[in-house]
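A.B. asks: Following this line is structure_29.cif, made up of mmCIF, C-alpha atoms:
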```
data_model
loop_
_atom_site.group_PDB
_atom_site.id
_atom_site.type_symbol
_atom_site.label_atom_id
_atom_site.label_comp_id
_atom_site.auth_asym_id
_atom_site.auth_seq_id
_atom_site.Cartn_x
_atom_site.Cartn_y
_atom_site.Cartn_z
ATOM 1 C CA MET L 21 -55.534 55.356 -4.257
ATOM 2 C CA LYS L 22 -54.379 55.688 -0.664
ATOM 3 C CA ASP L 23 -55.501 52.106 -0.040
ATOM 4 C CA LEU L 24 -53.318 50.804 -2.880
ATOM 5 C CA LEU L 25 -50.154 52.515 -1.635
ATOM 6 C CA PRO L 26 -49.368 50.127 1.283
ATOM 7 C CA PHE L 27 -50.086 47.159 -0.974
ATOM 8 C CA SER L 28 -47.698 48.506 -3.637
ATOM 9 C CA LEU L 29 -45.004 48.999 -1.007
ATOM 10 C CA LEU L 30 -45.534 45.452 0.244
ATOM 11 C CA VAL L 31 -45.240 43.995 -3.264
ATOM 12 C CA GLY L 32 -42.127 46.085 -3.944
ATOM 13 C CA SER L 33 -40.474 44.938 -0.716
ATOM 14 C CA LEU L 34 -41.299 41.324 -1.519
ATOM 15 C CA LEU L 35 -39.792 41.581 -4.995
ATOM 16 C CA LEU L 36 -36.612 43.161 -3.603
ATOM 17 C CA THR L 37 -36.301 40.366 -1.044
ATOM 18 C CA ILE L 38 -36.696 37.694 -3.740
ATOM 19 C CA ALA L 39 -34.151 39.396 -5.985
ATOM 20 C CA GLY L 40 -31.655 39.627 -3.106
ATOM 21 C CA THR L 41 -32.124 35.969 -2.224
ATOM 22 C CA VAL L 42 -31.562 34.897 -5.823
ATOM 23 C CA ALA L 43 -28.399 37.007 -5.983
ATOM 24 C CA VAL L 44 -27.008 35.455 -2.803
ATOM 25 C CA ILE L 45 -27.762 31.904 -3.973
ATOM 26 C CA SER L 46 -26.209 32.546 -7.372
ATOM 27 C CA SER L 47 -23.029 33.916 -5.840
ATOM 28 C CA TYR L 48 -22.682 31.133 -3.219
ATOM 29 C CA PRO L 49 -19.619 28.975 -4.002
ATOM 30 C CA GLY L 50 -20.388 25.399 -4.939
ATOM 31 C CA THR L 51 -23.851 25.906 -6.363
ATOM 32 C CA THR L 52 -22.498 26.294 -9.863
ATOM 33 C CA ARG L 53 -19.168 25.078 -11.218
ATOM 34 C CA PRO L 54 -17.030 27.069 -13.588
ATOM 35 C CA PRO L 55 -16.346 25.395 -16.946
ATOM 36 C CA GLU L 56 -12.795 24.491 -15.825
ATOM 37 C CA GLN L 57 -14.100 22.457 -12.859
ATOM 38 C CA GLU L 58 -16.691 20.728 -15.006
ATOM 39 C CA GLN L 59 -13.972 19.767 -17.495
ATOM 40 C CA GLU L 60 -11.676 18.475 -14.712
ATOM 41 C CA GLN L 61 -14.503 16.333 -13.312
ATOM 42 C CA THR L 62 -15.213 14.877 -16.755
ATOM 43 C CA VAL L 63 -11.518 14.075 -17.303
ATOM 44 C CA TYR L 64 -11.339 12.410 -13.863
ATOM 45 C CA VAL L 65 -14.339 10.182 -14.634
ATOM 46 C CA LEU L 66 -12.818 9.211 -17.979
ATOM 47 C CA GLN L 67 -9.487 8.469 -16.284
ATOM 48 C CA ARG L 68 -11.166 6.199 -13.749
ATOM 49 C CA ALA L 69 -12.920 4.309 -16.528
ATOM 50 C CA SER L 70 -9.663 3.964 -18.462
ATOM 51 C CA ILE L 71 -7.803 2.775 -15.363
ATOM 52 C CA ARG L 72 -10.376 0.034 -14.714
ATOM 53 C CA GLN L 73 -10.215 -1.048 -18.350
ATOM 54 C CA PHE L 74 -6.401 -1.019 -18.467
ATOM 55 C CA ASP L 75 -6.141 -2.870 -15.146
ATOM 56 C CA HIS L 76 -8.514 -5.612 -16.287
ATOM 57 C CA GLN L 77 -6.719 -5.996 -19.610
ATOM 58 C CA ALA L 78 -3.287 -6.030 -17.921
ATOM 59 C CA ARG L 79 -4.363 -8.878 -15.642
ATOM 60 C CA LEU L 80 -5.606 -10.844 -18.637
ATOM 61 C CA PHE L 81 -2.234 -10.292 -20.320
ATOM 62 C CA VAL L 82 -0.396 -11.544 -17.206
ATOM 63 C CA ARG L 83 -2.488 -14.721 -17.138
ATOM 64 C CA ALA L 84 -1.786 -15.244 -20.837
ATOM 65 C CA GLY L 85 1.950 -14.673 -20.354
ATOM 66 C CA LYS L 86 1.934 -11.506 -22.451
ATOM 67 C CA LEU L 87 4.199 -9.630 -20.080
ATOM 68 C CA ARG L 88 5.321 -6.783 -22.362
ATOM 69 C CA GLU L 89 1.726 -5.891 -23.153
ATOM 70 C CA ALA L 90 0.800 -6.009 -19.471
ATOM 71 C CA GLU L 91 3.773 -3.850 -18.526
ATOM 72 C CA ARG L 92 2.844 -1.197 -21.087
ATOM 73 C CA LEU L 93 -0.711 -0.897 -19.715
ATOM 74 C CA LEU L 94 0.436 -0.853 -16.090
ATOM 75 C CA ARG L 95 2.873 1.969 -16.788
ATOM 76 C CA LYS L 96 0.045 3.960 -18.369
ATOM 77 C CA ILE L 97 -2.027 3.558 -15.207
ATOM 78 C CA ILE L 98 0.895 4.658 -13.019
ATOM 79 C CA GLN L 99 1.361 7.776 -15.168
ATOM 80 C CA VAL L 100 -2.227 8.785 -14.398
ATOM 81 C CA ARG L 101 -2.351 7.498 -10.796
ATOM 82 C CA PRO L 102 1.251 7.330 -9.510
ATOM 83 C CA GLY L 103 0.149 6.387 -5.997
ATOM 84 C CA ASN L 104 -1.765 3.258 -7.040
ATOM 85 C CA ALA L 105 -0.029 0.592 -4.910
ATOM 86 C CA ILE L 106 -1.966 -2.361 -6.338
ATOM 87 C CA THR L 107 -0.902 -1.456 -9.873
ATOM 88 C CA GLN L 108 2.702 -1.020 -8.742
ATOM 89 C CA LYS L 109 2.680 -4.437 -7.045
ATOM 90 C CA LEU L 110 1.369 -6.018 -10.224
ATOM 91 C CA LEU L 111 4.124 -4.252 -12.169
ATOM 92 C CA VAL L 112 6.706 -5.737 -9.753
ATOM 93 C CA LYS L 113 5.294 -9.185 -10.543
ATOM 94 C CA VAL L 114 5.485 -8.564 -14.290
ATOM 95 C CA LEU L 115 9.066 -7.268 -14.057
ATOM 96 C CA PHE L 116 10.015 -10.292 -11.949
ATOM 97 C CA LEU L 117 8.451 -12.759 -14.365
ATOM 98 C CA ARG L 118 10.202 -11.295 -17.381
ATOM 99 C CA GLY L 119 13.570 -11.150 -15.568
ATOM 100 C CA ALA L 120 13.921 -7.394 -15.031
ATOM 101 C CA LEU L 121 15.065 -8.035 -11.466
ATOM 102 C CA GLU L 122 16.949 -4.788 -10.866
ATOM 103 C CA GLU L 123 13.921 -2.609 -11.572
ATOM 104 C CA ALA L 124 11.672 -5.083 -9.749
ATOM 105 C CA GLU L 125 13.871 -4.787 -6.644
ATOM 106 C CA MET L 126 13.914 -0.984 -6.790
ATOM 107 C CA LEU L 127 10.118 -0.748 -7.068
ATOM 108 C CA SER L 128 9.438 -3.479 -4.503
ATOM 109 C CA ARG L 129 11.793 -1.820 -1.994
ATOM 110 C CA GLN L 130 9.934 1.464 -2.475
ATOM 111 C CA LEU L 131 6.559 -0.230 -1.942
ATOM 112 C CA ALA L 132 7.739 -2.144 1.139
ATOM 113 C CA PHE L 133 9.080 1.105 2.609
ATOM 114 C CA GLN L 134 5.840 2.991 1.902
ATOM 115 C CA HIS L 135 3.584 0.099 3.002
ATOM 116 C CA PRO L 136 5.558 -1.864 5.614
ATOM 117 C CA ARG L 137 2.450 -3.688 6.848
ATOM 118 C CA ASP L 138 1.380 -4.885 3.408
ATOM 119 C CA PRO L 139 2.143 -8.634 3.257
ATOM 120 C CA VAL L 140 2.025 -8.704 -0.546
ATOM 121 C CA ALA L 141 4.619 -5.930 -0.811
ATOM 122 C CA ARG L 142 6.889 -7.688 1.698
ATOM 123 C CA ASN L 143 6.391 -11.064 -0.029
ATOM 124 C CA ASN L 144 7.312 -9.581 -3.386
ATOM 125 C CA LEU L 145 10.443 -7.911 -2.050
ATOM 126 C CA GLY L 146 11.492 -11.201 -0.453
ATOM 127 C CA GLU L 147 11.042 -13.098 -3.700
ATOM 128 C CA VAL L 148 12.978 -10.503 -5.692
ATOM 129 C CA LEU L 149 15.841 -10.424 -3.186
ATOM 130 C CA ILE L 150 16.184 -14.211 -3.243
ATOM 131 C CA ALA L 151 16.141 -14.228 -7.042
ATOM 132 C CA ARG L 152 18.916 -11.600 -7.002
ATOM 133 C CA GLY L 153 21.097 -13.732 -4.718
ATOM 134 C CA PHE L 154 20.317 -12.247 -1.287
ATOM 135 C CA PRO L 155 18.601 -15.170 0.473
ATOM 136 C CA GLU L 156 19.065 -13.894 4.040
ATOM 137 C CA SER L 157 17.384 -10.567 3.293
ATOM 138 C CA GLY L 158 14.722 -12.299 1.212
ATOM 139 C CA LEU L 159 13.844 -14.741 3.975
ATOM 140 C CA GLY L 160 13.519 -11.860 6.412
ATOM 141 C CA GLU L 161 10.952 -10.185 4.173
ATOM 142 C CA LEU L 162 9.028 -13.434 3.659
ATOM 143 C CA LEU L 163 8.929 -14.097 7.402
ATOM 144 C CA ALA L 164 7.555 -10.589 7.944
ATOM 145 C CA ALA L 165 4.998 -11.187 5.170
ATOM 146 C CA GLU L 166 3.865 -14.438 6.806
ATOM 147 C CA GLN L 167 3.402 -12.741 10.176
ATOM 148 C CA LEU L 168 1.534 -9.783 8.692
ATOM 149 C CA SER L 169 -0.757 -12.025 6.649
ATOM 150 C CA GLY L 170 -1.599 -14.309 9.570
ATOM 151 C CA GLY L 171 -0.141 -17.286 7.730
ATOM 152 C CA GLU L 172 -1.187 -17.067 4.102
ATOM 153 C CA ARG L 173 -0.737 -20.367 2.278
ATOM 154 C CA TYR L 174 1.114 -18.969 -0.734
ATOM 155 C CA ILE L 175 3.623 -17.141 1.491
ATOM 156 C CA ARG L 176 4.396 -20.384 3.321
ATOM 157 C CA TYR L 177 4.987 -22.052 -0.021
ATOM 158 C CA ASN L 178 7.375 -19.241 -0.938
ATOM 159 C CA LEU L 179 9.164 -19.662 2.411
ATOM 160 C CA CYS L 180 9.537 -23.381 1.750
ATOM 161 C CA ARG L 181 11.003 -22.734 -1.670
ATOM 162 C CA ALA L 182 13.259 -19.922 -0.417
ATOM 163 C CA CYS L 183 14.668 -22.091 2.378
ATOM 164 C CA ALA L 184 15.312 -24.955 -0.041
ATOM 165 C CA LEU L 185 17.094 -22.660 -2.507
ATOM 166 C CA SER L 186 19.317 -21.301 0.269
ATOM 167 C CA GLY L 187 20.214 -24.786 1.565
ATOM 168 C CA ARG L 188 18.000 -24.715 4.689
ATOM 169 C CA PHE L 189 16.339 -28.049 4.058
ATOM 170 C CA GLY L 190 15.060 -28.556 7.614
ATOM 171 C CA PRO L 191 13.105 -25.271 7.708
ATOM 172 C CA ALA L 192 12.049 -25.909 4.110
ATOM 173 C CA GLY L 193 10.428 -29.170 5.200
ATOM 174 C CA ASN L 194 8.741 -27.439 8.120
ATOM 175 C CA TYR L 195 7.262 -24.767 5.870
ATOM 176 C CA TRP L 196 6.178 -27.392 3.361
ATOM 177 C CA GLY L 197 4.270 -29.142 6.148
ATOM 178 C CA LYS L 198 2.715 -25.829 7.218
ATOM 179 C CA PHE L 199 1.764 -25.146 3.613
ATOM 180 C CA LEU L 200 -0.020 -28.503 3.342
ATOM 181 C CA ARG L 201 -1.830 -28.009 6.663
ATOM 182 C CA THR L 202 -2.920 -24.430 5.995
ATOM 183 C CA PRO L 203 -6.451 -24.069 4.599
ATOM 184 C CA GLU L 204 -6.678 -21.553 1.807
ATOM 185 C CA LYS L 205 -8.371 -18.446 3.226
ATOM 186 C CA ARG L 206 -8.708 -16.622 -0.064
ATOM 187 C CA ARG L 207 -7.383 -16.627 -3.595
ATOM 188 C CA ILE L 208 -3.784 -15.569 -4.076
ATOM 189 C CA PRO L 209 -3.841 -11.861 -4.989
ATOM 190 C CA GLU L 210 -3.012 -11.355 -8.634
ATOM 191 C CA GLU L 211 -0.288 -8.839 -7.790
ATOM 192 C CA ALA L 212 1.627 -11.240 -5.493
ATOM 193 C CA ILE L 213 4.708 -13.057 -6.758
ATOM 194 C CA SER L 214 4.116 -16.704 -5.920
ATOM 195 C CA HIS L 215 5.436 -19.964 -7.319
ATOM 196 C CA GLY L 216 2.967 -21.930 -5.263
ATOM 197 C CA PRO L 217 -0.001 -23.848 -6.659
ATOM 198 C CA PRO L 218 -3.296 -22.110 -5.876
ATOM 199 C CA SER L 219 -4.818 -24.977 -3.909
ATOM 200 C CA GLY L 220 -4.786 -28.694 -3.284
ATOM 201 C CA ALA L 221 -1.038 -29.191 -3.849
ATOM 202 C CA ASP L 222 0.398 -32.444 -2.528
ATOM 203 C CA GLY L 223 3.854 -32.327 -4.026
ATOM 204 C CA MET L 224 6.638 -29.918 -4.897
#
```
Go through the file and emit its structure as structure tokens.
C.D. replies:
Amino acid sequence: MKDLLPFSLLVGSLLLTIAGTVAVISSYPGTTRPPEQEQEQTVYVLQRASIRQFDHQARLFVRAGKLREAERLLRKIIQVRPGNAITQKLLVKVLFLRGALEEAEMLSRQLAFQHPRDPVARNNLGEVLIARGFPESGLGELLAAEQLSGGERYIRYNLCRACALSGRFGPAGNYWGKFLRTPEKRRIPEEAISHGPPSGADGM
């Protein structure tokens, strides 16, 4: 009986140690999530899936000329993710194309202020300003967009068109020549306002 006593104490100590370890692990934050966190994570995943679906469908609507339908989906995305700059730039394009220039200017100014080194945002603001009758300000934004982009082809086309519309036919010709000589580095981003042909243009 005396021989079993140390063994019993050893087993008891071991069990207490295991129980204490389990208690510490169970109480450690991050090992288990409360139901509220699990629900928030599930909602976030569903939101991301919905955003991807809405974004894809909105772009299809823009290509098909269904601007009201595209606008409705883009506004839904912005409600869920208000800081999504790409969605906001696409909304500027949709507003511009359907003639809602006042709202397009307000949103494009906000984006250009928040992202001053984004050539698409600066291009879009320039296009909107020119359409609203402010060619000097619009040209300034387009020149900044060209510099930031490193000379994107579609921005040079927009500069050519902007100069022609404001009566600057010499610079318009220069930008037209630059447009023709500039190899296309990538596809025009869907969210950019551009009247230029995507590639291979040889005439206005």
A.B. asks: Just the residues within 6 Å of segment 191-200 of chain L, please, counting only C-alpha atoms, with nothing from its chain fewer than 2 positions along; format it as number ranges by chain.
C.D. replies: L: 173, 176-177, 180, 183-184, 188-189, 202
A.B. asks: For a quick check of understanding, using only C-alpha atoms, which of L:Glu122, L:Glu210, L:Glu204, L:Asp75 has the smallest distance to Gly153 of chain L?
C.D. replies: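 Closest to Gly153 of chain L, using only C-alpha atoms: L:Glu122.
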A.B. asks: Find, counting only C-alpha atoms, the residue in L:Leu115, L:Leu131, L:Leu80, L:Ala120 that gets nearest to Pro102 of chain L.
C.D. replies: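 Closest residue, counting only C-alpha atoms: L:Leu131.
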A.B. asks: Specify as a PyMOL selection string each residue included when the PyMOL selection byres ((chain L and resi 92) around 12) is applied to this file.
C.D. replies: chain L and resi 74-75+77-79+81-82+86-91+93-99+107+110-111+114-115
A.B. asks: What lies within 10 Å of Ser169 of chain L using all atoms listed in the file, ignoring chain neighbours under 3 positions off, as JSON, numbers by chain?
C.D. replies: {"L": [137, 138, 139, 140, 143, 163, 164, 165, 166, 172, 173, 175]}
A.B. asks: Using all atoms listed in the file, determine which residues lie at most 10 Å from Glu156 of chain L, disregarding the query and same-chain residues fewer than 5 positions distant; provide the list as a PyMOL selection string.
C.D. replies: chain L and resi 146+149-150+161+182-183+186
A.B. asks: For the PyMOL selection byres ((chain L and resi 148) around 7), applied here, can you spell out every residue it catches as a VMD selection string?
C.D. replies: chain L and resid 116 121 124 to 125 144 to 147 149 to 152
A.B. asks: Save out the residues we just selected, C-alpha atoms, as a PDB file, in the coordinates of the input.
C.D. replies:
```
ATOM      1  CA  PHE L 116      10.015 -10.292 -11.949  1.00  0.00           C
ATOM      2  CA  LEU L 121      15.065  -8.035 -11.466  1.00  0.00           C
ATOM      3  CA  ALA L 124      11.672  -5.083  -9.749  1.00  0.00           C
ATOM      4  CA  GLU L 125      13.871  -4.787  -6.644  1.00  0.00           C
ATOM      5  CA  ASN L 144       7.312  -9.581  -3.386  1.00  0.00           C
ATOM      6  CA  LEU L 145      10.443  -7.911  -2.050  1.00  0.00           C
ATOM      7  CA  GLY L 146      11.492 -11.201  -0.453  1.00  0.00           C
ATOM      8  CA  GLU L 147      11.042 -13.098  -3.700  1.00  0.00           C
ATOM      9  CA  LEU L 149      15.841 -10.424  -3.186  1.00  0.00           C
ATOM     10  CA  ILE L 150      16.184 -14.211  -3.243  1.00  0.00           C
ATOM     11  CA  ALA L 151      16.141 -14.228  -7.042  1.00  0.00           C
ATOM     12  CA  ARG L 152      18.916 -11.600  -7.002  1.00  0.00           C
TER      13      ARG L 152
END
```
A.B. asks: Atom CA of Leu185 of chain L and atom CA of Pro136 of chain L are how many Å apart?
C.D. replies: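 If I compute the distance from atom CA of Leu185 of chain L to atom CA of Pro136 of chain L, I get 25.1 Å.
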A.B. asks: Using the chain letters and numbers from the file, give me the residues hit by the PyMOL selection byres ((chain L and resi 211) around 7), as a ChimeraX atom specification.
C.D. replies: /L:106,109-110,113,209-210,212-213
A.B. asks: Any chance you can output those residues with C-alpha atoms as a compact mmCIF listing (two decimals), in the frame of the given file?
C.D. replies:
```
# COMPACT_ATOMS: atom_id res chain seq x y z
CA ILE L 106 -1.97 -2.36 -6.34
CA LYS L 109 2.68 -4.44 -7.04
CA LEU L 110 1.37 -6.02 -10.22
CA LYS L 113 5.29 -9.18 -10.54
CA PRO L 209 -3.84 -11.86 -4.99
CA GLU L 210 -3.01 -11.36 -8.63
CA ALA L 212 1.63 -11.24 -5.49
CA ILE L 213 4.71 -13.06 -6.76
```
A.B. asks: Tell me, in Å to one decimal, how far atom CA of Gly158 of chain L is from atom CA of Gly103 of chain L.
C.D. replies: 24.8 Å
A.B. asks: How many Å lie between atom CA of Ser128 of chain L and atom CA of Phe154 of chain L, rounded to one decimal?
C.D. replies: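 The value is 14.3 Å.
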